[in-house]
file my_file.cif (mmCIF, C-alpha atoms)
data_target
#
loop_
_atom_site.label_atom_id
_atom_site.label_comp_id
_atom_site.auth_asym_id
_atom_site.auth_seq_id
_atom_site.Cartn_x
_atom_site.Cartn_y
_atom_site.Cartn_z
CA MET A 61 55.01 -20.33 -141.26
CA VAL A 62 55.17 -22.80 -138.43
CA ASP A 63 58.32 -23.03 -136.47
CA LEU A 64 58.88 -26.66 -135.58
CA THR A 65 61.58 -26.70 -133.09
CA LEU A 66 62.22 -29.20 -130.44
CA GLY A 67 61.18 -26.81 -127.69
CA THR A 68 57.89 -26.04 -129.38
CA ILE A 69 57.16 -29.69 -129.96
CA LEU A 70 57.98 -30.51 -126.35
CA ALA A 71 55.83 -27.62 -125.10
CA GLN A 72 53.02 -28.78 -127.35
CA MET A 73 53.33 -32.33 -126.07
CA LEU A 74 53.45 -31.12 -122.49
CA ASN A 75 50.34 -28.99 -123.07
CA PHE A 76 48.64 -31.97 -124.68
CA PHE A 77 49.39 -34.29 -121.74
CA ILE A 78 48.30 -31.67 -119.22
CA LEU A 79 45.08 -31.19 -121.17
CA VAL A 80 44.50 -34.98 -121.31
CA TRP A 81 45.20 -35.26 -117.56
CA ILE A 82 42.77 -32.36 -116.76
CA LEU A 83 40.14 -33.80 -119.06
CA ALA A 84 40.64 -37.30 -117.62
CA ARG A 85 40.47 -36.02 -114.06
CA PHE A 86 37.62 -33.51 -114.33
CA ALA A 87 35.66 -34.33 -117.48
CA TYR A 88 36.22 -37.94 -118.56
CA LYS A 89 35.30 -39.68 -115.26
CA PRO A 90 32.06 -37.69 -114.77
CA LEU A 91 31.25 -38.14 -118.47
CA VAL A 92 31.88 -41.90 -118.26
CA SER A 93 29.87 -42.21 -115.04
CA MET A 94 27.04 -40.18 -116.58
CA MET A 95 27.14 -42.40 -119.68
CA GLN A 96 27.17 -45.50 -117.48
CA GLU A 97 24.14 -44.20 -115.52
CA ARG A 98 22.36 -43.44 -118.76
CA LYS A 99 23.19 -46.90 -120.09
CA GLU A 100 21.84 -48.50 -116.88
CA ARG A 101 18.71 -46.31 -116.96
CA ILE A 102 18.06 -47.25 -120.61
CA ALA A 103 18.62 -50.94 -119.80
CA LYS A 104 16.23 -50.64 -116.84
CA ASP A 105 13.63 -48.88 -119.00
CA LEU A 106 13.96 -51.59 -121.64
CA ALA A 107 13.57 -54.30 -119.00
CA ASP A 108 10.54 -52.48 -117.55
CA ALA A 109 9.06 -52.12 -121.03
CA GLU A 110 9.61 -55.84 -121.70
CA ALA A 111 8.02 -56.72 -118.37
CA ALA A 112 5.08 -54.42 -119.12
CA ARG A 113 4.73 -56.00 -122.58
CA ASN A 114 4.79 -59.50 -121.06
CA GLU A 115 2.25 -58.44 -118.46
CA ALA A 116 0.04 -56.91 -121.17
CA GLU A 117 0.27 -60.13 -123.18
CA GLN A 118 -0.67 -62.11 -120.07
CA PHE A 119 -3.64 -59.79 -119.47
CA LYS A 120 -4.60 -60.19 -123.12
CA ALA A 121 -4.42 -63.99 -122.85
CA ASP A 122 -6.41 -63.92 -119.59
CA TYR A 123 -8.99 -61.64 -121.17
CA ALA A 124 -9.28 -63.90 -124.22
CA ALA A 125 -9.71 -66.91 -121.91
CA GLN A 126 -12.38 -65.08 -119.90
CA ILE A 127 -14.21 -64.12 -123.09
CA ALA A 128 -14.04 -67.73 -124.30
CA ASN A 129 -15.37 -68.95 -120.94
CA ALA A 130 -18.13 -66.34 -120.98
CA ARG A 131 -19.12 -67.38 -124.50
CA GLN A 132 -19.11 -71.03 -123.51
CA GLU A 133 -21.22 -70.28 -120.42
CA ALA A 134 -23.60 -68.18 -122.50
CA GLN A 135 -23.90 -71.03 -125.01
CA GLN A 136 -24.59 -73.48 -122.18
CA ILE A 137 -27.22 -71.13 -120.73
CA VAL A 138 -28.87 -70.80 -124.15
CA GLU A 139 -28.81 -74.57 -124.68
CA LYS A 140 -30.25 -75.14 -121.21
CA ALA A 141 -32.99 -72.58 -121.86
CA VAL A 142 -33.80 -74.25 -125.19
CA GLN A 143 -33.96 -77.66 -123.51
CA GLN A 144 -36.19 -76.29 -120.76
CA ALA A 145 -38.43 -74.63 -123.34
CA GLU A 146 -38.67 -77.88 -125.30
CA ALA A 147 -39.45 -79.82 -122.12
CA THR A 148 -42.08 -77.28 -121.13
CA THR A 149 -43.56 -77.44 -124.62
CA ARG A 150 -43.69 -81.23 -124.50
CA GLU A 151 -45.32 -81.13 -121.06
CA GLN A 152 -47.86 -78.56 -122.21
CA LEU A 153 -48.63 -80.59 -125.35
CA ALA A 154 -49.06 -83.75 -123.27
CA ALA A 155 -51.33 -81.90 -120.84
CA ALA A 156 -53.33 -80.43 -123.74
CA ARG A 157 -53.70 -83.87 -125.38
CA GLU A 158 -54.77 -85.34 -122.08
CA GLN A 159 -57.30 -82.56 -121.60
CA ILE A 160 -58.60 -83.09 -125.13
CA GLU A 161 -58.99 -86.83 -124.47
CA ARG A 162 -60.87 -86.10 -121.23
CA GLU A 163 -63.11 -83.66 -123.09
CA LYS A 164 -63.73 -86.22 -125.84
CA GLU A 165 -64.60 -88.89 -123.32
CA ARG A 166 -66.92 -86.54 -121.46
CA ALA A 167 -68.54 -85.55 -124.76
CA ARG A 168 -68.99 -89.23 -125.68
CA GLN A 169 -70.53 -89.93 -122.30
CA ASP A 170 -72.80 -86.89 -122.64
CA ILE A 171 -73.86 -88.08 -126.09
CA VAL A 172 -74.60 -91.58 -124.77
CA ASN A 173 -76.54 -90.15 -121.82
CA GLU A 174 -78.44 -87.75 -124.05
CA ARG A 175 -79.24 -90.52 -126.55
CA ASP A 176 -80.45 -92.81 -123.76
CA ARG A 177 -82.59 -90.04 -122.32
CA ALA A 178 -83.99 -89.19 -125.76
CA MET A 179 -84.69 -92.88 -126.42
CA ASN A 180 -86.47 -93.19 -123.06
CA ASN A 181 -88.47 -90.03 -123.76
CA LEU A 182 -89.32 -91.30 -127.24
CA ARG A 183 -90.26 -94.72 -125.86
CA ASN A 184 -92.49 -93.11 -123.24
CA GLU A 185 -94.09 -90.89 -125.91
CA VAL A 186 -94.65 -93.85 -128.20
CA ILE A 187 -96.14 -95.82 -125.31
CA SER A 188 -98.40 -92.93 -124.39
CA LEU A 189 -99.50 -92.42 -127.99
CA SER A 190 -99.95 -96.13 -128.52
CA VAL A 191 -102.02 -96.44 -125.37
CA ALA A 192 -104.10 -93.48 -126.43
CA MET A 193 -104.61 -94.95 -129.90
CA ALA A 194 -105.27 -98.43 -128.60
CA THR A 195 -107.71 -97.05 -126.08
CA LYS A 196 -109.65 -95.36 -128.82
CA VAL A 197 -109.53 -98.45 -131.04
CA VAL A 198 -110.38 -101.03 -128.49
CA ALA A 199 -112.49 -98.64 -126.49
CA LYS A 200 -113.62 -100.50 -123.41
CA ASP A 201 -112.57 -104.07 -124.11
CA MET A 202 -109.33 -104.14 -122.09
CA ASP A 203 -107.99 -102.41 -119.06
CA SER A 204 -105.13 -99.88 -119.30
CA GLU A 205 -102.53 -102.14 -117.70
CA THR A 206 -103.04 -104.84 -120.32
CA ASN A 207 -102.93 -102.20 -123.08
CA THR A 208 -99.67 -100.79 -121.77
CA LYS A 209 -98.10 -104.28 -121.61
CA LEU A 210 -99.13 -105.09 -125.17
CA ILE A 211 -97.83 -101.78 -126.48
CA GLU A 212 -94.48 -102.12 -124.64
CA ASP A 213 -94.01 -105.59 -126.14
CA ALA A 214 -94.79 -104.25 -129.62
CA ILE A 215 -92.41 -101.32 -129.16
CA ALA A 216 -89.64 -103.59 -127.85
CA LYS A 217 -89.99 -105.78 -130.95
CA LEU A 218 -90.12 -102.70 -133.15
CA ASP A 219 -87.12 -101.07 -131.40
CA SER A 220 -84.92 -104.13 -131.70
CA LYS A 221 -85.65 -104.44 -135.42
CA THR A 222 -85.53 -100.75 -136.47
CA ILE A 223 -83.22 -99.05 -133.99
CA GLY A 224 -80.76 -101.87 -133.42
CA LEU A 225 -80.77 -101.99 -129.62
#
call {"tool": "encode", "arguments": {"input": "my_file.cif", "output": "structure tokens"}}
result
Amino acid sequence: MVDLTLGTILAQMLNFFILVWILARFAYKPLVSMMQERKERIAKDLADAEAARNEAEQFKADYAAQIANARQEAQQIVEKAVQQAEATTREQLAAAREQIEREKERARQDIVNERDRAMNNLRNEVISLSVAMATKVVAKDMDSETNTKLIEDAIAKLDSKTIGL
């Protein structure tokens, strides 16, 4: 059994205080300082992590803004290209229409020239045939100049009535 005498209790208390003093002197202060260093290191790491997170969020925001700007610029480039293509198309259509009108006008002029030439050729043929026929009919009554004048007058009257000149 335990002997609880005053001497034992005093010795136990003295041992306890000596142990507390030794622990306080050699173990508690280094332990507290080590805990304080660890606490400061953890606080620093947390602050660094928060700063890194803030920086990452800033980079993310900057990246999102750059992507938005790039998309907007790409959209502007596409719209500009579409506008240029439309303008080019309009210019090409206008040039093609103008070319077609020039071709039509040239074709009309060619038709008029060809018709006039054909009419002159036909008139000359009719005159020649008429002179030849009149020469055979009249034989030697009139000279060729008078025959030609008569035939030209007859053809002119005939042309204005039948051809519409």
call {"tool": "atom_distance", "arguments": {"input": "my_file.cif", "atom1": "atom CA of A:Glu185", "atom2": "atom CA of A:Ala216"}}
result
13.6 Å
call {"tool": "atom_distance", "arguments": {"input": "my_file.cif", "atom1": "atom CA of A:Leu189", "atom2": "atom CA of A:Ser204"}}
result
12.8 Å
call {"tool": "atom_distance", "arguments": {"input": "my_file.cif", "atom1": "atom CA of A:Ala116", "atom2": "atom CA of A:Ala103"}}
result
19.6 Å
call {"tool": "closest_residue", "arguments": {"input": "my_file.cif", "among": "A:Ala125, A:Val191, A:Ile137, A:Leu83", "to": "A:Thr206", "atoms": "all atoms listed in the file"}}
result
A:Val191
